[in-house]
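**Student:** Submitted below is the structure of interest, expressed as structure tokens.
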Amino acid sequence: MMLFRVLTVLWAVLVAFTLPASAQEVRVLGTFGKWVAQTYQENGKSVCFMSVKPDSSDGNYKARGEALLMITNRPSEQAMDVISIVAGYQYLPDSDAVVTINGKRFTLFTNGERAWARDTQTDKAIVQLLIKGKTVTVKGTSSRNNVTTDVYALTGFTAAHQAITENCKK
């Protein structure tokens, strides 16, 4: 358990270094299952996000950075429940990432090493399924044309989602 807490803190530090220069200190709202909920101020406005690393990853790759599934709330921009995937590699240009939850498939557009839903309705539909699901699978294709499959656990998702929703209200 102590190792998990140390890794969580180290992970929070890593995220802090990837935030925009205008962002302030990241504050951990809590760890819920494998999900970590956090908040920070950006240009005086609250931003809350939650993230999880995959439980398993499969693919033919030699080196890969950290993969994450994230949900972000930016109430000042009316952007709530924004889904994003960090692949840990550059996606194949003009490719999609496929997210599957409870047998329902969604295609997310990719740019660089990230993937997003095309509209807010898709974000909301994905979040509702994440609340009800046990795992989510993400498939993507790297710029070297290698297919990867990441499986993320959803244990703790609902509690982490409540934490970011309460801390970043519209």
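Ordering of the structure tokens sets the chain letters (A, B, ...), residue numbers begin anew at 1 in every chain, and ligands are numbered from 1 in the order given.
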From a DSSP pass on the backbone, collect the residues of stretch 84-123 of chain A flagged as strand (DSSP E) and hand them back as an MDAnalysis selection string.
**Tutor:** chainID A and resid 84:86 96:101 104:111 114:116
**Student:** Determine, counting only C-alpha atoms, which protein, DNA and RNA residues have an atom within 7 Å of an atom of A:Ala117; residues of the same chain fewer than 3 positions away are not included. Present the result as a list in words.
**Tutor:**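 What passes the distance filter is Ile83, Leu108, Phe109, Thr122 and Asp123 of chain A.
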**Student:** Go ahead and write the selection's residues with C-alpha atoms as a JSON list (two decimals), in the first residue's frame.
**Tutor:**
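Result file follows (again01.json):
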```json
[["chain", "number", "residue", "atom", "x", "y", "z"],
["A", 83, "ILE", "CA", -12.41, 12.31, -22.48],
["A", 108, "LEU", "CA", -12.00, 9.02, -31.14],
["A", 109, "PHE", "CA", -9.95, 11.23, -33.41],
["A", 122, "THR", "CA", -19.89, 11.33, -27.22],
["A", 123, "ASP", "CA", -17.96, 12.46, -24.13]]
```
**Student:** For each of A:Arg118, A:Lys45, A:Lys53, A:Arg144, take the minimum atom-to-atom distance to A:Leu69, counting only C-alpha atoms, then give the residue where this is smallest.
**Tutor:**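 Distance minimum relative to A:Leu69 lands on A:Lys53.
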**Student:** From the set A:Ile164, A:Val151, A:Ala87, A:Ile71, which residue has the shortest atom-to-atom contact distance to A:Ile126, counting only C-alpha atoms?
**Tutor:**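 Closest to A:Ile126, using only C-alpha atoms: A:Ile71.
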**Student:** Write out as a VMD selection string each polymer residue whose atoms come within 10 Å of A:Thr165, counting only C-alpha atoms; drop sequence neighbours fewer than 6 positions from it.
**Tutor:** chain A and resid 48 to 49 72 to 73 75 80 to 81 159
**Student:** When distances are computed from only C-alpha atoms, which of A:Leu68, A:Val82, A:Ala63, A:Leu154 shows the smallest separation from A:Asn102?
**Tutor:**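 Ranking A:Leu68, A:Val82, A:Ala63, A:Leu154 by distance to A:Asn102, first place goes to A:Leu154.
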**Student:** Mind listing the alpha helix (DSSP H) residues of stretch 32-157 of chain A, per DSSP on the backbone, as a PyMOL selection string?
**Tutor:** chain A and resi 120-132+157
**Student:** Here is a test: counting only C-alpha atoms, which residue of A:Met70, A:Leu92, A:Val127, A:Ala79 is nearest to A:Ser46?
**Tutor:**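 For A:Ser46, the nearest of the candidates is A:Ala79.
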**Student:** May I ask which of the residues A:Tyr61, A:Tyr89, A:Phe106, A:Trp116 is the closest one to A:Asn146, counting only C-alpha atoms?
**Tutor:**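 Of all the options, A:Tyr61 lies closest to A:Asn146.
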**Student:** If you count only C-alpha atoms, which residues fall within 12 Å of A:Thr135, apart from same-chain ones fewer than 4 positions away, as a PyMOL selection string?
**Tutor:** chain A and resi 34+52+54-56+69+99-104+129-131+150-157
**Student:** Keeping only N, CA and C atoms, take the residues you just selected and write them out as a PDB file, in the first residue's frame.
**Tutor:**
```pdb
ATOM      1  N   LYS A  34      -7.891   2.669  -8.668  1.00  0.00           N
ATOM      2  CA  LYS A  34      -6.652   3.025  -9.360  1.00  0.00           C
ATOM      3  C   LYS A  34      -6.719   4.423  -9.975  1.00  0.00           C
ATOM      4  N   VAL A  52      -6.116   7.386 -15.021  1.00  0.00           N
ATOM      5  CA  VAL A  52      -5.749   6.031 -14.645  1.00  0.00           C
ATOM      6  C   VAL A  52      -4.790   5.491 -15.696  1.00  0.00           C
ATOM      7  N   PRO A  54      -3.252   2.045 -17.667  1.00  0.00           N
ATOM      8  CA  PRO A  54      -3.849   0.757 -18.036  1.00  0.00           C
ATOM      9  C   PRO A  54      -3.418  -0.366 -17.106  1.00  0.00           C
ATOM     10  N   ASP A  55      -4.351  -1.304 -16.888  1.00  0.00           N
ATOM     11  CA  ASP A  55      -4.037  -2.526 -16.147  1.00  0.00           C
ATOM     12  C   ASP A  55      -3.206  -3.457 -17.002  1.00  0.00           C
ATOM     13  N   SER A  56      -3.473  -3.450 -18.302  1.00  0.00           N
ATOM     14  CA  SER A  56      -2.694  -4.285 -19.218  1.00  0.00           C
ATOM     15  C   SER A  56      -2.560  -3.580 -20.555  1.00  0.00           C
ATOM     16  N   LEU A  69      -5.778   7.216 -19.417  1.00  0.00           N
ATOM     17  CA  LEU A  69      -7.149   7.581 -19.758  1.00  0.00           C
ATOM     18  C   LEU A  69      -7.499   8.714 -18.804  1.00  0.00           C
ATOM     19  N   VAL A  99     -12.571   2.991 -28.579  1.00  0.00           N
ATOM     20  CA  VAL A  99     -12.854   2.762 -27.161  1.00  0.00           C
ATOM     21  C   VAL A  99     -14.056   1.834 -27.084  1.00  0.00           C
ATOM     22  N   THR A 100     -13.935   0.760 -26.290  1.00  0.00           N
ATOM     23  CA  THR A 100     -15.036  -0.187 -26.129  1.00  0.00           C
ATOM     24  C   THR A 100     -15.350  -0.348 -24.644  1.00  0.00           C
ATOM     25  N   ILE A 101     -16.639  -0.128 -24.315  1.00  0.00           N
ATOM     26  CA  ILE A 101     -17.128  -0.274 -22.942  1.00  0.00           C
ATOM     27  C   ILE A 101     -18.436  -1.051 -23.013  1.00  0.00           C
ATOM     28  N   ASN A 102     -18.528  -2.142 -22.276  1.00  0.00           N
ATOM     29  CA  ASN A 102     -19.763  -2.941 -22.245  1.00  0.00           C
ATOM     30  C   ASN A 102     -20.270  -3.280 -23.646  1.00  0.00           C
ATOM     31  N   GLY A 103     -19.365  -3.563 -24.574  1.00  0.00           N
ATOM     32  CA  GLY A 103     -19.743  -3.929 -25.931  1.00  0.00           C
ATOM     33  C   GLY A 103     -20.065  -2.760 -26.842  1.00  0.00           C
ATOM     34  N   LYS A 104     -20.087  -1.539 -26.326  1.00  0.00           N
ATOM     35  CA  LYS A 104     -20.384  -0.338 -27.120  1.00  0.00           C
ATOM     36  C   LYS A 104     -19.071   0.282 -27.573  1.00  0.00           C
ATOM     37  N   LEU A 129     -21.269   5.265 -19.606  1.00  0.00           N
ATOM     38  CA  LEU A 129     -20.908   3.847 -19.677  1.00  0.00           C
ATOM     39  C   LEU A 129     -19.750   3.513 -18.738  1.00  0.00           C
ATOM     40  N   LEU A 130     -18.817   4.445 -18.569  1.00  0.00           N
ATOM     41  CA  LEU A 130     -17.708   4.214 -17.643  1.00  0.00           C
ATOM     42  C   LEU A 130     -18.223   4.061 -16.215  1.00  0.00           C
ATOM     43  N   ILE A 131     -19.253   4.809 -15.861  1.00  0.00           N
ATOM     44  CA  ILE A 131     -19.843   4.711 -14.527  1.00  0.00           C
ATOM     45  C   ILE A 131     -20.415   3.310 -14.300  1.00  0.00           C
ATOM     46  N   ASP A 150      -5.008  -1.380 -24.867  1.00  0.00           N
ATOM     47  CA  ASP A 150      -4.871  -1.085 -23.446  1.00  0.00           C
ATOM     48  C   ASP A 150      -6.204  -1.353 -22.762  1.00  0.00           C
ATOM     49  N   VAL A 151      -6.142  -1.999 -21.598  1.00  0.00           N
ATOM     50  CA  VAL A 151      -7.345  -2.271 -20.814  1.00  0.00           C
ATOM     51  C   VAL A 151      -7.212  -1.529 -19.487  1.00  0.00           C
ATOM     52  N   TYR A 152      -8.230  -0.724 -19.176  1.00  0.00           N
ATOM     53  CA  TYR A 152      -8.247   0.087 -17.958  1.00  0.00           C
ATOM     54  C   TYR A 152      -9.344  -0.402 -17.029  1.00  0.00           C
ATOM     55  N   ALA A 153      -9.033  -0.507 -15.736  1.00  0.00           N
ATOM     56  CA  ALA A 153     -10.026  -0.879 -14.721  1.00  0.00           C
ATOM     57  C   ALA A 153     -10.884   0.333 -14.389  1.00  0.00           C
ATOM     58  N   LEU A 154     -12.155   0.091 -14.123  1.00  0.00           N
ATOM     59  CA  LEU A 154     -13.070   1.187 -13.790  1.00  0.00           C
ATOM     60  C   LEU A 154     -13.431   1.214 -12.310  1.00  0.00           C
ATOM     61  N   THR A 155     -12.805   0.360 -11.506  1.00  0.00           N
ATOM     62  CA  THR A 155     -13.030   0.383 -10.065  1.00  0.00           C
ATOM     63  C   THR A 155     -12.589   1.748  -9.528  1.00  0.00           C
ATOM     64  N   GLY A 156     -13.484   2.431  -8.839  1.00  0.00           N
ATOM     65  CA  GLY A 156     -13.187   3.754  -8.293  1.00  0.00           C
ATOM     66  C   GLY A 156     -13.548   4.889  -9.227  1.00  0.00           C
ATOM     67  N   PHE A 157     -13.955   4.578 -10.455  1.00  0.00           N
ATOM     68  CA  PHE A 157     -14.277   5.630 -11.425  1.00  0.00           C
ATOM     69  C   PHE A 157     -15.353   6.577 -10.906  1.00  0.00           C
TER      70      PHE A 157
END
```
**Student:** Show which residues sit within 8 Å of A:Val36, as a ChimeraX atom specification. Count only C-alpha atoms, and ignore same-chain residues fewer than 2 positions away.
**Tutor:** /A:8,28-32,34,38,50-52,160
**Student:** Would you pick out the contacts of A:Arg64 at 12 Å or less, using only C-alpha atoms, so that residues sharing its chain but fewer than 5 positions from it are not included, and give the list as a ChimeraX atom specification?
**Tutor:** /A:57-59,86-91,113,142-144,146,148
**Student:** With only C-alpha atoms as the atoms that count, which of A:Ala97, A:Ala37, A:Val47, A:Val138 lies nearest to A:Lys169?
**Tutor:**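 The answer is A:Val47, which sits nearest to A:Lys169.
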**Student:** Which value, in Å to one decimal, gives the distance between atom CA of A:Pro93 and atom CA of A:Arg74?
**Tutor:** 27.5 Å
